[in-house]
There are 2 protein chains.
Amino acid sequence: MLSAVARQRVLARASAWKASSSFLHQRWASTTVSSNLNSVTEEDLAHFSSFLAPSSILSTLSPSNTPADELTPFNDDWMGKYKGRSTTVLKPRTTEEVSKIVKHCNEKRIGIVPQGGNTGLVGGSVPVRDELILSLSNLNKVRSFDSVSGILVADAGCILQSLTDYLAPHSHIMPIDLGAKGSCHIGGNVSTNAGGLRLMRYGSLHGAVLGLEVVMPDGTILNQLSGLRKDNTGYDLKQLFIGAEGTLGVVTGISILAPVMPAATNAVVLALPSFDQVIPLFKIVKRDMGEILSAFEYMDRESYTLSVKHGQGKGLSEEEIEGAQCFVLIETSGGNKEHDEEKLSNLLEKVMDPDAGLVTSGVLAQSPAQFESLWAIREGIPEAIGKSGKAYKYDVSIPASKFKEFVDKTKDHLLSKGLLHENAIKGVVGYGHFGDGNIHLNIVAAAYTPEIAAALEPFVFELVASYNGSVSAEHGIGYAKTSAMRYSKDQTSIELMKKIKKLFDPNGIMNPWKVLPQ
Amino acid sequence: MLSAVARQRVLARASAWKASSSFLHQRWASTTVSSNLNSVTEEDLAHFSSFLAPSSILSTLSPSNTPADELTPFNDDWMGKYKGRSTTVLKPRTTEEVSKIVKHCNEKRIGIVPQGGNTGLVGGSVPVRDELILSLSNLNKVRSFDSVSGILVADAGCILQSLTDYLAPHSHIMPIDLGAKGSCHIGGNVSTNAGGLRLMRYGSLHGAVLGLEVVMPDGTILNQLSGLRKDNTGYDLKQLFIGAEGTLGVVTGISILAPVMPAATNAVVLALPSFDQVIPLFKIVKRDMGEILSAFEYMDRESYTLSVKHGQGKGLSEEEIEGAQCFVLIETSGGNKEHDEEKLSNLLEKVMDPDAGLVTSGVLAQSPAQFESLWAIREGIPEAIGKSGKAYKYDVSIPASKFKEFVDKTKDHLLSKGLLHENAIKGVVGYGHFGDGNIHLNIVAAAYTPEIAAALEPFVFELVASYNGSVSAEHGIGYAKTSAMRYSKDQTSIELMKKIKKLFDPNGIMNPWKVLPQ
């Protein structure tokens with residue numbers, strides 16, 4: 001059931017992003033970077049051949065002479081927004097091979113882009129110039145699973161869905177789930193501190209990841225692959241690599257805590273008369289659903305309407321949503337179907353009481369198909385936006401109580417700039433993970449224009465900063481947002497990050513020009 | 001209800017540890033350390049007086065001339081095991097005052113011991129020589145609580161119990177609970193990455209802590225006090241300070257995610273015919289209790305018997321535990337009393353079926369008093385051990401499936417050394433957090449002797465290392481275990497920790513001689 005939903009999510013994202021690729025690619029191509037890094041040479045290739053299997057090397061250089069188009073899936077990101085020019089992709093089969101590659105590159109000052117499923121959204125997983133691409137795809141074995149503790153130890157190149165499939169017969173699940181699960185790697189998830197759909201319930205990877213094996217920029221293997229839930233012996237070094245996007249080393253192995261698989265899942269979509277009801281409703285849901293609450297997703301009227309118009313989700317009738325200003329999707333996951341249904345039923349009785357004035361109408365999934373259909377409303381929004389126009393997209397964290405104000409202020413600003421009309425900006429919509437304080441702001445335009453871009457940035461970043469928010473809630477910094485980091489991190493923090501980068505990677509070979517502002 | 005239990009835990013620990021203080025104090029006193037650090041002078045005191053209130057300064061130096069015994073509660077740890085010789089305790093009221101103190105100490109090369117509630121177990125919170133003691137006790141205000149997101153922002157010096165009390169009217173709880181809650185500070189909890197009683201349910205502080213404010217060793221204030229659940233903008237610097245025990249900077253403020261208060265709590269104690277049944281039982285409990293399982297504590301026969309003999313816990317009758325080799329205490333916490341009781345009742349019916357052969361007998365708490373009495377069996381073990389003899393204590397992480405083997409191997413080893421008799425070692429017991437893989441190994445001796453000490457170390461550490469375990473699951477390294485760290489961390493990791501220490505604190509003023517091996 002969930003995997004069908006997941007597929008849909010991937011498609012939705014792909015469609016929405018592809019619409020915007022040509023404009024963004026221009027920005028990428030116009031970037032000029034200077035570098036002390038060297039290109040891969042035929043001598044380097046000969047060295048790599050001395051310890052790698054021929055099938056682990058793709059290179060346009062002699063003697064490999066791989067056709068350039070075979071390297072395209074590694075050089076270009078999946079949206080076609082970012083395009084690298086690497087001559088060489090290496091696919092080591094062991095951590096020791098990774099170590100040898102990195103050691104050589106460090107000695108020769110060759111830049112390295114560690115690459116997982118290449119499903120990132122900020123240009124972090126493809127080269128800026130011609131850095132060597134180190135694909136983790138051949139490091140793809142489960143090393144161990146302890147069904148007592150729930151601790152899974154796996155190679156970094158394992159695909160997230162394959163780990164979910166591996167755990168299913170053991171009645172465990174991965175603590176993380178996201179649209180790209182069919183192609184993203186667990187190593188990439190960890191390196192980007194991916195958020196996704198289960199964060200509200202199972203927390204961030206900083207808590208779920210128990211240990212890492214990392215090849216450091218000088219080739220040394222840092223073994224922190226603990227299979228322990230608790231270990232208070234010194235600084236928790238592994239945490240630095242979670243979310244470092246490959247700039248401090250190459251994650252090659254992961255130890256992670258897998259939760260028990262829930263026995264039952266339910267979903268409900270509610271229509272609310274205004275945003276003022278969302279917070280009182282959220283408080284009741286948090287209290288009454290307690291430990292079984294697994295999602296509380298927010299959609300404003302505009303995003304809901306777009307999704308139902310263009311997407312596959314079916315929710316409430318036209319009559320039922322009359323006068324509704326926004327919508328929420330609530331998901332529960334628990335260990336006992338009967339108990340969960342009773343809790344949800346009691347909740348609905350309470351919140352749908354007309355005297356409470358909280359909810360206009362609602363629909364509860366009565367079947368797996370309806371469950372999917374309700375989720376499709378929420379998950380179909382990006383695709384629907386893509387069909388409606390050119391999208392400017394922001395993924396930010398702000399206090400959930402400010403979701404509507406944030407969208408309204410953006411609208412007002414664009415209106416004051418004379419841009420809020422059919423020929424410029426057709427709509428401004430907000431939706432996202434209310435429970436996590438993570439909103440996706442989308443501006444739907446007739447076309448990408450410098451005027452709109454200038455009206456949006458730095459306005460949106462400054463607005464986020466005024467809420468002490470984050471300009472990247474879950475997508476990371478990558479290459480795209482290095483200059484925006486300062487809106488969420490002060491200079492002291494950025495300087496300390498740069499010192500840590502220098503300490504770990506003095507030659508600057510690891511994923512150059514990513515994460516840190518230049 | 002819980003606070004009474006908590007008080008009991010504090011008493012139990014105090015009693016058990018005091019029994020061993022004289023022996024360990026000897027080891028502490030015999031330590032010789034060389035240092036480039038300077039003592040606090042009267043000139044330094046004059047400088048501190050220029051910006052601190054007189055009540056914020058305790059010093060035996062002129063002009064303060066505080067009587068030395070007023071400094072004893074700061075110089076000595078609460079067990080009387082570790083004794084410092086500091087002349088000066090400062091109690092700043094603001095982060096800016098902390099910053100000024102640290103900046104001055106850095107310029108003058110004066111060592112600083114940041115001190116919270118001084119409830120640590122490894123000598124991390126008192127001076128080794130005469131370092132300045134920086135007490136956070138006057139930084140004790142709640143800064144904000146957002147009842148929508150559940151995010152609490154508080155000064156580091158807030159006492160854990162006071163934060164629990166603050167949250168109660170908002171129907172939220174702290175994600176951490178431990179015996180010392182009545183005196184430990186949240187800043188100390190974070191700095192030591194304290195584990196405690198809620199880790200199994202709510203995870204470690206690496207997940208629950210959302211942001212920190214830290215005064216760096218040069219006095220700079222690092223503001224990472226995010227009130228956001230999700231923020232992927234650069235390296236997660238705050239993680240380094242969680243568990244650094246004050247060696248990288250002074251934590252002055254904390255942002256933490258507070259879970260919703262559970263509506264119902266239950267407890268049951270089960271007697272098992274042998275250790276072979278613990279794992280099958282744990283798997284069933286994990287699956288059937290799912291999201292409401294909040295504790296699964298293990299006690300071997302010896303520790304149970306000692307506790308019931310010397311403690312206040314009342315469990316099963318003599319007849320009921322005949323033939324039982326070990327015991328477990330299961331706690332549930334959930335949002336619906338009726339549902340939780342039904343789940344627990346179904347579980348007991350299943351596991352107590354004689355055909356299953358899992359459980360000999362069991363007792364379910366029928367009242368708050370019984371709930372406390374059952375917990376008192378588990379929590380009374382340290383006190384009971386203290387009453388039985390001199391205790392050698394180890395707090396380690398190993399795979400839960402090895403709990404019995406670990407205790408048995410230690411017994412066999414001591415037997416082979418001819419030490420397992422009434423006049424030397426009277427008992428070897430194991431108990432702890434089975435769900436977290438954290439066992440407390442206690443060796444009950446007639447007296448502390450060098451012979452027993454030599455038989456135990458490095459034997460126990462080597463045994464832990466053979467399981468790839470941790471020599472300190474939750475108590476940290478402090479001063480006591482710096483030389484044991486190598487059993488759980490390889491040289492590469494330790495060298496990297498030392499480099500980070502050098503980067504953050506080049507003059508080595510922050511909590512000197514703690515955490516890192518010399």
# chains A, B, ... in the order shown; residues from 1 in each chain; ligands from 1
call {"tool": "interface_residues", "arguments": {"of": "chain A", "to": "chain B", "cutoff": "6 Å", "atoms": "only C-alpha atoms", "output": "PyMOL selection string"}}
result
chain A and resi 206-207+229-233+235+244+290+335+436+470+472-474+476-477+485
call {"tool": "write_last_selection", "arguments": {"atoms": "all heavy atoms", "output": "short mmCIF file (atom, residue, chain, number, x, y, z; two decimals), in the first residue's frame"}}
result
data_model
loop_
_atom_site.label_atom_id
_atom_site.label_comp_id
_atom_site.auth_asym_id
_atom_site.auth_seq_id
_atom_site.Cartn_x
_atom_site.Cartn_y
_atom_site.Cartn_z
N HIS A 206 19.62 12.13 13.73
CA HIS A 206 20.60 12.35 14.80
C HIS A 206 20.29 11.46 16.01
O HIS A 206 21.19 11.14 16.79
CB HIS A 206 20.64 13.82 15.22
CG HIS A 206 21.31 14.70 14.21
ND1 HIS A 206 22.67 14.71 14.03
CD2 HIS A 206 20.81 15.56 13.30
CE1 HIS A 206 22.98 15.56 13.07
NE2 HIS A 206 21.87 16.09 12.59
N GLY A 207 19.05 11.09 16.17
CA GLY A 207 18.69 10.17 17.24
C GLY A 207 18.69 8.72 16.79
O GLY A 207 19.11 7.83 17.52
N ARG A 229 22.82 0.93 21.68
CA ARG A 229 21.86 2.01 21.85
C ARG A 229 22.48 3.14 22.66
O ARG A 229 22.17 4.30 22.46
CB ARG A 229 20.63 1.44 22.56
CG ARG A 229 19.51 2.42 22.81
CD ARG A 229 18.55 2.47 21.66
NE ARG A 229 17.60 3.54 21.76
CZ ARG A 229 16.31 3.42 22.07
NH1 ARG A 229 15.81 2.23 22.28
NH2 ARG A 229 15.52 4.46 22.14
N LYS A 230 23.35 2.81 23.61
CA LYS A 230 23.92 3.80 24.50
C LYS A 230 25.43 3.67 24.55
O LYS A 230 25.95 2.59 24.78
CB LYS A 230 23.36 3.61 25.92
CG LYS A 230 21.89 3.95 26.05
CD LYS A 230 21.27 3.32 27.27
CE LYS A 230 21.41 4.16 28.49
NZ LYS A 230 20.57 3.62 29.61
N ASP A 231 26.13 4.79 24.38
CA ASP A 231 27.59 4.77 24.44
C ASP A 231 28.08 6.17 24.76
O ASP A 231 28.06 7.05 23.92
CB ASP A 231 28.17 4.30 23.10
CG ASP A 231 29.69 4.34 23.10
OD1 ASP A 231 30.30 4.28 24.19
OD2 ASP A 231 30.28 4.43 22.00
N ASN A 232 28.48 6.38 25.99
CA ASN A 232 28.94 7.70 26.42
C ASN A 232 30.44 7.72 26.64
O ASN A 232 30.93 8.04 27.71
CB ASN A 232 28.22 8.11 27.71
CG ASN A 232 27.02 8.98 27.43
OD1 ASN A 232 26.75 9.30 26.28
ND2 ASN A 232 26.30 9.37 28.46
N THR A 233 31.19 7.36 25.61
CA THR A 233 32.64 7.37 25.74
C THR A 233 33.24 8.39 24.77
O THR A 233 33.67 8.06 23.68
CB THR A 233 33.24 5.96 25.47
OG1 THR A 233 32.79 5.49 24.20
CG2 THR A 233 32.79 4.97 26.53
N TYR A 235 33.44 12.30 22.65
CA TYR A 235 32.63 13.11 21.74
C TYR A 235 31.92 12.22 20.73
O TYR A 235 32.48 11.25 20.22
CB TYR A 235 33.50 14.14 21.00
CG TYR A 235 34.38 14.98 21.90
CD1 TYR A 235 35.60 15.47 21.46
CD2 TYR A 235 34.00 15.29 23.20
CE1 TYR A 235 36.42 16.24 22.27
CE2 TYR A 235 34.81 16.06 24.04
CZ TYR A 235 36.02 16.51 23.56
OH TYR A 235 36.82 17.26 24.38
N ALA A 244 26.33 16.50 6.82
CA ALA A 244 27.50 17.21 6.28
C ALA A 244 27.57 17.11 4.76
O ALA A 244 28.44 17.70 4.13
CB ALA A 244 28.79 16.69 6.91
N GLY A 290 -1.95 11.04 21.08
CA GLY A 290 -0.71 10.71 21.80
C GLY A 290 0.26 9.92 20.97
O GLY A 290 0.69 10.34 19.89
N GLY A 335 -0.40 -0.12 17.39
CA GLY A 335 -0.22 -1.57 17.52
C GLY A 335 -1.51 -2.36 17.58
O GLY A 335 -1.49 -3.59 17.57
N ASP A 436 5.85 19.28 12.34
CA ASP A 436 7.29 19.53 12.40
C ASP A 436 7.63 21.01 12.22
O ASP A 436 8.81 21.37 12.21
CB ASP A 436 8.03 18.75 11.30
CG ASP A 436 7.78 17.27 11.35
OD1 ASP A 436 7.50 16.75 12.46
OD2 ASP A 436 7.85 16.61 10.30
N SER A 470 14.41 28.40 9.59
CA SER A 470 15.47 27.77 8.81
C SER A 470 15.14 27.87 7.33
O SER A 470 14.04 27.51 6.91
CB SER A 470 15.62 26.30 9.19
OG SER A 470 16.50 25.67 8.28
N SER A 472 16.39 26.09 5.12
CA SER A 472 16.32 24.74 4.57
C SER A 472 15.95 23.77 5.68
O SER A 472 16.79 23.38 6.49
CB SER A 472 17.64 24.32 3.92
OG SER A 472 17.47 23.06 3.29
N ALA A 473 14.69 23.39 5.72
CA ALA A 473 14.21 22.53 6.79
C ALA A 473 14.73 21.12 6.64
O ALA A 473 15.23 20.52 7.58
CB ALA A 473 12.68 22.52 6.81
N GLU A 474 14.62 20.58 5.40
CA GLU A 474 15.02 19.19 5.24
C GLU A 474 15.82 18.91 3.97
O GLU A 474 16.37 17.83 3.82
CB GLU A 474 13.79 18.26 5.30
CG GLU A 474 12.71 18.58 4.27
CD GLU A 474 11.45 17.68 4.42
OE1 GLU A 474 11.44 16.82 5.31
OE2 GLU A 474 10.52 17.87 3.64
N GLY A 476 18.57 20.47 2.84
CA GLY A 476 20.01 20.70 2.94
C GLY A 476 20.45 21.96 2.22
O GLY A 476 19.62 22.75 1.73
N ILE A 477 21.77 22.14 2.14
CA ILE A 477 22.36 23.32 1.53
C ILE A 477 22.89 23.01 0.14
O ILE A 477 22.63 23.73 -0.82
CB ILE A 477 23.52 23.85 2.43
CG1 ILE A 477 22.98 24.35 3.78
CG2 ILE A 477 24.30 24.94 1.72
CD1 ILE A 477 22.16 25.62 3.73
N MET A 485 22.67 30.36 3.63
CA MET A 485 22.87 29.80 4.98
C MET A 485 22.90 30.89 6.05
O MET A 485 22.41 30.72 7.16
CB MET A 485 24.16 28.98 5.05
CG MET A 485 24.26 28.14 6.33
SD MET A 485 25.94 27.67 6.73
CE MET A 485 26.18 26.30 5.62
#
call {"tool": "residues_around", "arguments": {"residues": "range 122-127 of chain A", "least_positions_apart": "5", "cutoff": "8 Å", "atoms": "only C-alpha atoms", "output": "list in words"}}
result
Phe74, Asn75, Asp76, Asp77, Lys81, Tyr82, Lys83, Gly84, Arg85, Ser86, Val113, Pro114, Gln115, Gly116, Leu132, Ile133, Glu245, His475, Gly476, Ile477, Gly478, Tyr479, Ala480, Lys481, Asn511, Lys514 and Val515 of chain A
call {"tool": "atom_distance", "arguments": {"atom1": "CA of Tyr304 in chain A", "atom2": "CA of Lys393 in chain A"}}
result
16.6 Å
call {"tool": "select_by_dssp", "arguments": {"residues": "range 92-311 of chain A", "states": "strand (DSSP E or B)", "output": "ChimeraX atom specification"}}
result
/A:110,112-115,132-135,142-146,151-155,159,172,185,209-215,221-224,250-257,260,264-272,293-300
call {"tool": "select_by_dssp", "arguments": {"residues": "range 98-272 of chain B", "states": "alpha helix (DSSP H)", "output": "VMD selection string"}}
result
chain B and resid 98 to 108 160 to 167 186 to 191 199 to 202 205 to 208 238 to 241
call {"tool": "atom_distance", "arguments": {"atom1": "CA of Ile159 in chain A", "atom2": "CA of His185 in chain A"}}
result
4.3 Å
call {"tool": "residues_around", "arguments": {"residues": "Asn442 in chain B", "least_positions_apart": "3", "cutoff": "7 Å", "atoms": "only C-alpha atoms", "output": "ChimeraX atom specification"}}
result
/B:391-394,428-430
call {"tool": "write_last_selection", "arguments": {"atoms": "all heavy atoms", "output": "mmCIF file, in the first residue's frame"}}
result
data_model
loop_
_atom_site.group_PDB
_atom_site.id
_atom_site.type_symbol
_atom_site.label_atom_id
_atom_site.label_comp_id
_atom_site.auth_asym_id
_atom_site.auth_seq_id
_atom_site.Cartn_x
_atom_site.Cartn_y
_atom_site.Cartn_z
ATOM 1 N N ALA B 391 30.919 -2.560 46.981
ATOM 2 C CA ALA B 391 30.530 -2.831 45.595
ATOM 3 C C ALA B 391 31.517 -2.277 44.580
ATOM 4 O O ALA B 391 31.936 -1.126 44.669
ATOM 5 C CB ALA B 391 29.156 -2.240 45.336
ATOM 6 N N TYR B 392 31.903 -3.128 43.631
ATOM 7 C CA TYR B 392 32.602 -2.693 42.422
ATOM 8 C C TYR B 392 31.538 -2.602 41.338
ATOM 9 O O TYR B 392 30.858 -3.595 41.074
ATOM 10 C CB TYR B 392 33.674 -3.698 42.016
ATOM 11 C CG TYR B 392 34.826 -3.815 42.991
ATOM 12 C CD1 TYR B 392 34.725 -4.625 44.121
ATOM 13 C CD2 TYR B 392 36.014 -3.128 42.760
ATOM 14 C CE1 TYR B 392 35.790 -4.739 45.008
ATOM 15 C CE2 TYR B 392 37.086 -3.244 43.637
ATOM 16 C CZ TYR B 392 36.969 -4.053 44.760
ATOM 17 O OH TYR B 392 38.016 -4.171 45.626
ATOM 18 N N LYS B 393 31.409 -1.409 40.721
ATOM 19 C CA LYS B 393 30.281 -1.179 39.822
ATOM 20 C C LYS B 393 30.725 -0.874 38.397
ATOM 21 O O LYS B 393 31.612 -0.053 38.199
ATOM 22 C CB LYS B 393 29.452 0.005 40.340
ATOM 23 C CG LYS B 393 28.676 -0.305 41.614
ATOM 24 C CD LYS B 393 28.154 0.959 42.257
ATOM 25 C CE LYS B 393 27.070 0.634 43.263
ATOM 26 N NZ LYS B 393 25.797 0.277 42.640
ATOM 27 N N TYR B 394 30.076 -1.499 37.448
ATOM 28 C CA TYR B 394 30.334 -1.216 36.037
ATOM 29 C C TYR B 394 29.007 -0.955 35.329
ATOM 30 O O TYR B 394 28.034 -1.674 35.558
ATOM 31 C CB TYR B 394 31.081 -2.379 35.372
ATOM 32 C CG TYR B 394 32.438 -2.600 36.009
ATOM 33 C CD1 TYR B 394 32.588 -3.505 37.061
ATOM 34 C CD2 TYR B 394 33.535 -1.850 35.603
ATOM 35 C CE1 TYR B 394 33.817 -3.672 37.689
ATOM 36 C CE2 TYR B 394 34.768 -2.015 36.224
ATOM 37 C CZ TYR B 394 34.910 -2.923 37.255
ATOM 38 O OH TYR B 394 36.118 -3.079 37.867
ATOM 39 N N VAL B 428 28.185 -11.773 42.499
ATOM 40 C CA VAL B 428 28.319 -11.036 41.235
ATOM 41 C C VAL B 428 26.919 -10.939 40.647
ATOM 42 O O VAL B 428 26.300 -11.975 40.356
ATOM 43 C CB VAL B 428 29.264 -11.770 40.262
ATOM 44 C CG1 VAL B 428 29.382 -11.002 38.957
ATOM 45 C CG2 VAL B 428 30.629 -11.981 40.899
ATOM 46 N N VAL B 429 26.396 -9.731 40.525
ATOM 47 C CA VAL B 429 25.012 -9.588 40.080
ATOM 48 C C VAL B 429 24.926 -8.682 38.852
ATOM 49 O O VAL B 429 25.781 -7.825 38.636
ATOM 50 C CB VAL B 429 24.098 -9.036 41.205
ATOM 51 C CG1 VAL B 429 24.296 -9.802 42.502
ATOM 52 C CG2 VAL B 429 24.329 -7.545 41.434
ATOM 53 N N GLY B 430 23.882 -8.922 38.061
ATOM 54 C CA GLY B 430 23.664 -8.128 36.848
ATOM 55 C C GLY B 430 22.218 -7.693 36.739
ATOM 56 O O GLY B 430 21.302 -8.479 36.980
#
call {"tool": "residues_around", "arguments": {"residues": "range 268-270 of chain B", "least_positions_apart": "2", "cutoff": "10 Å", "atoms": "only C-alpha atoms", "output": "PyMOL selection string"}}
result
chain B and resi 266+272+296-298+315-316+321+324+326-332+344+348+351-352+358-366+370-371+374-375+377-378
call {"tool": "write_last_selection", "arguments": {"atoms": "N, CA, C and O atoms", "output": "tab-separated table (two decimals), in the first residue's frame"}}
result
chain	number	residue	atom	x	y	z
B	266	ASN	N	1.35	1.69	33.60
B	266	ASN	CA	1.19	0.39	34.25
B	266	ASN	C	2.54	-0.29	34.44
B	266	ASN	O	3.49	0.03	33.73
B	272	LEU	N	10.97	-15.53	35.40
B	272	LEU	CA	11.24	-16.39	34.24
B	272	LEU	C	12.05	-17.61	34.66
B	272	LEU	O	12.98	-17.49	35.48
B	296	PHE	N	11.67	-2.00	29.93
B	296	PHE	CA	11.81	-3.45	29.99
B	296	PHE	C	13.12	-3.69	30.74
B	296	PHE	O	14.19	-3.68	30.16
B	297	GLU	N	13.00	-3.81	32.06
B	297	GLU	CA	14.17	-3.88	32.93
B	297	GLU	C	14.46	-5.31	33.33
B	297	GLU	O	13.55	-6.09	33.63
B	298	TYR	N	15.72	-5.64	33.36
B	298	TYR	CA	16.17	-7.00	33.65
B	298	TYR	C	16.81	-7.08	35.03
B	298	TYR	O	17.54	-6.17	35.44
B	315	GLY	N	7.23	-7.94	45.76
B	315	GLY	CA	6.79	-8.48	44.49
B	315	GLY	C	6.05	-9.79	44.66
B	315	GLY	O	4.97	-9.84	45.25
B	316	LEU	N	6.68	-10.85	44.23
B	316	LEU	CA	6.06	-12.18	44.24
B	316	LEU	C	6.38	-12.90	45.54
B	316	LEU	O	7.36	-12.59	46.21
B	321	ILE	N	8.23	-17.58	43.09
B	321	ILE	CA	9.50	-17.40	42.38
B	321	ILE	C	10.39	-18.65	42.45
B	321	ILE	O	11.54	-18.62	42.03
B	324	ALA	N	12.75	-19.72	39.56
B	324	ALA	CA	12.97	-18.62	38.62
B	324	ALA	C	14.44	-18.22	38.57
B	324	ALA	O	15.07	-18.08	39.62
B	326	CYS	N	15.54	-15.52	36.56
B	326	CYS	CA	15.65	-14.07	36.40
B	326	CYS	C	14.27	-13.43	36.31
B	326	CYS	O	13.25	-14.14	36.25
B	327	PHE	N	14.27	-12.11	36.29
B	327	PHE	CA	13.02	-11.34	36.38
B	327	PHE	C	13.06	-10.17	35.39
B	327	PHE	O	14.13	-9.67	35.06
B	328	VAL	N	11.85	-9.76	34.98
B	328	VAL	CA	11.79	-8.52	34.20
B	328	VAL	C	10.69	-7.64	34.76
B	328	VAL	O	9.68	-8.13	35.29
B	329	LEU	N	10.90	-6.35	34.65
B	329	LEU	CA	9.87	-5.36	34.98
B	329	LEU	C	9.49	-4.67	33.68
B	329	LEU	O	10.35	-4.14	32.97
B	330	ILE	N	8.20	-4.73	33.37
B	330	ILE	CA	7.70	-4.11	32.14
B	330	ILE	C	6.83	-2.93	32.54
B	330	ILE	O	5.95	-3.06	33.40
B	331	GLU	N	7.09	-1.76	31.94
B	331	GLU	CA	6.26	-0.59	32.19
B	331	GLU	C	5.63	-0.14	30.87
B	331	GLU	O	6.28	-0.16	29.83
B	332	THR	N	4.35	0.25	30.93
B	332	THR	CA	3.71	0.85	29.76
B	332	THR	C	3.26	2.26	30.12
B	332	THR	O	2.92	2.55	31.26
B	344	LEU	N	-2.16	-4.89	27.97
B	344	LEU	CA	-1.32	-5.55	28.96
B	344	LEU	C	-1.95	-6.85	29.42
B	344	LEU	O	-1.26	-7.87	29.58
B	348	LEU	N	-0.37	-10.56	29.12
B	348	LEU	CA	-0.12	-11.45	30.26
B	348	LEU	C	-0.78	-12.80	30.04
B	348	LEU	O	-0.20	-13.85	30.35
B	351	VAL	N	1.61	-14.66	27.59
B	351	VAL	CA	2.95	-15.06	28.04
B	351	VAL	C	2.89	-15.94	29.31
B	351	VAL	O	3.84	-16.68	29.58
B	352	MET	N	1.77	-15.88	30.04
B	352	MET	CA	1.69	-16.69	31.24
B	352	MET	C	1.03	-18.05	31.00
B	352	MET	O	0.91	-18.86	31.92
B	358	LEU	N	7.17	-19.53	29.07
B	358	LEU	CA	7.97	-18.31	29.11
B	358	LEU	C	8.12	-17.75	30.52
B	358	LEU	O	9.16	-17.22	30.88
B	359	VAL	N	7.04	-17.85	31.27
B	359	VAL	CA	6.97	-17.15	32.54
B	359	VAL	C	6.53	-18.10	33.64
B	359	VAL	O	5.62	-18.90	33.45
B	360	THR	N	7.18	-18.02	34.80
B	360	THR	CA	6.83	-18.84	35.94
B	360	THR	C	5.64	-18.24	36.68
B	360	THR	O	4.69	-18.92	37.04
B	361	SER	N	5.73	-16.92	36.93
B	361	SER	CA	4.68	-16.22	37.63
B	361	SER	C	4.84	-14.74	37.39
B	361	SER	O	5.85	-14.30	36.83
B	362	GLY	N	3.85	-13.96	37.82
B	362	GLY	CA	3.95	-12.52	37.59
B	362	GLY	C	3.01	-11.76	38.49
B	362	GLY	O	2.09	-12.33	39.09
B	363	VAL	N	3.27	-10.46	38.62
B	363	VAL	CA	2.39	-9.61	39.42
B	363	VAL	C	2.19	-8.28	38.70
B	363	VAL	O	3.15	-7.68	38.20
B	364	LEU	N	0.94	-7.87	38.59
B	364	LEU	CA	0.57	-6.63	37.92
B	364	LEU	C	0.16	-5.60	38.97
B	364	LEU	O	-0.60	-5.92	39.89
B	365	ALA	N	0.68	-4.39	38.84
B	365	ALA	CA	0.33	-3.33	39.80
B	365	ALA	C	-1.16	-3.02	39.71
B	365	ALA	O	-1.68	-2.79	38.63
B	366	GLN	N	-1.81	-3.03	40.86
B	366	GLN	CA	-3.26	-2.76	40.89
B	366	GLN	C	-3.55	-1.38	41.46
B	366	GLN	O	-4.70	-0.98	41.55
B	370	GLN	N	1.20	-0.06	44.56
B	370	GLN	CA	1.82	-1.29	44.02
B	370	GLN	C	2.78	-0.98	42.89
B	370	GLN	O	3.81	-1.62	42.72
B	371	PHE	N	2.40	0.03	42.08
B	371	PHE	CA	3.28	0.46	40.99
B	371	PHE	C	4.64	0.87	41.57
B	371	PHE	O	5.69	0.45	41.10
B	374	LEU	N	6.59	-2.18	42.95
B	374	LEU	CA	7.25	-2.99	41.92
B	374	LEU	C	8.51	-2.30	41.42
B	374	LEU	O	9.57	-2.92	41.27
B	375	TRP	N	8.41	-0.99	41.17
B	375	TRP	CA	9.61	-0.26	40.74
B	375	TRP	C	10.68	-0.27	41.82
B	375	TRP	O	11.89	-0.27	41.53
B	377	ILE	N	11.56	-2.65	43.64
B	377	ILE	CA	12.40	-3.85	43.54
B	377	ILE	C	13.58	-3.55	42.63
B	377	ILE	O	14.74	-3.77	42.99
B	378	ARG	N	13.26	-3.04	41.45
B	378	ARG	CA	14.33	-2.74	40.49
B	378	ARG	C	15.24	-1.62	41.00
B	378	ARG	O	16.47	-1.71	40.95
call {"tool": "atom_distance", "arguments": {"atom1": "CA of Ser135 in chain B", "atom2": "CA of Val89 in chain B"}}
result
6.8 Å
call {"tool": "closest_residue", "arguments": {"among": "A:Val214, A:Ala356, A:Ile509, A:Ala68", "to": "Lys108 in chain A", "atoms": "only C-alpha atoms"}}
result
A:Ile509
call {"tool": "residues_around", "arguments": {"residues": "range 138-145 of chain A", "least_positions_apart": "3", "cutoff": "7 Å", "atoms": "only C-alpha atoms", "output": "PyMOL selection string"}}
result
chain A and resi 91-94+150-158
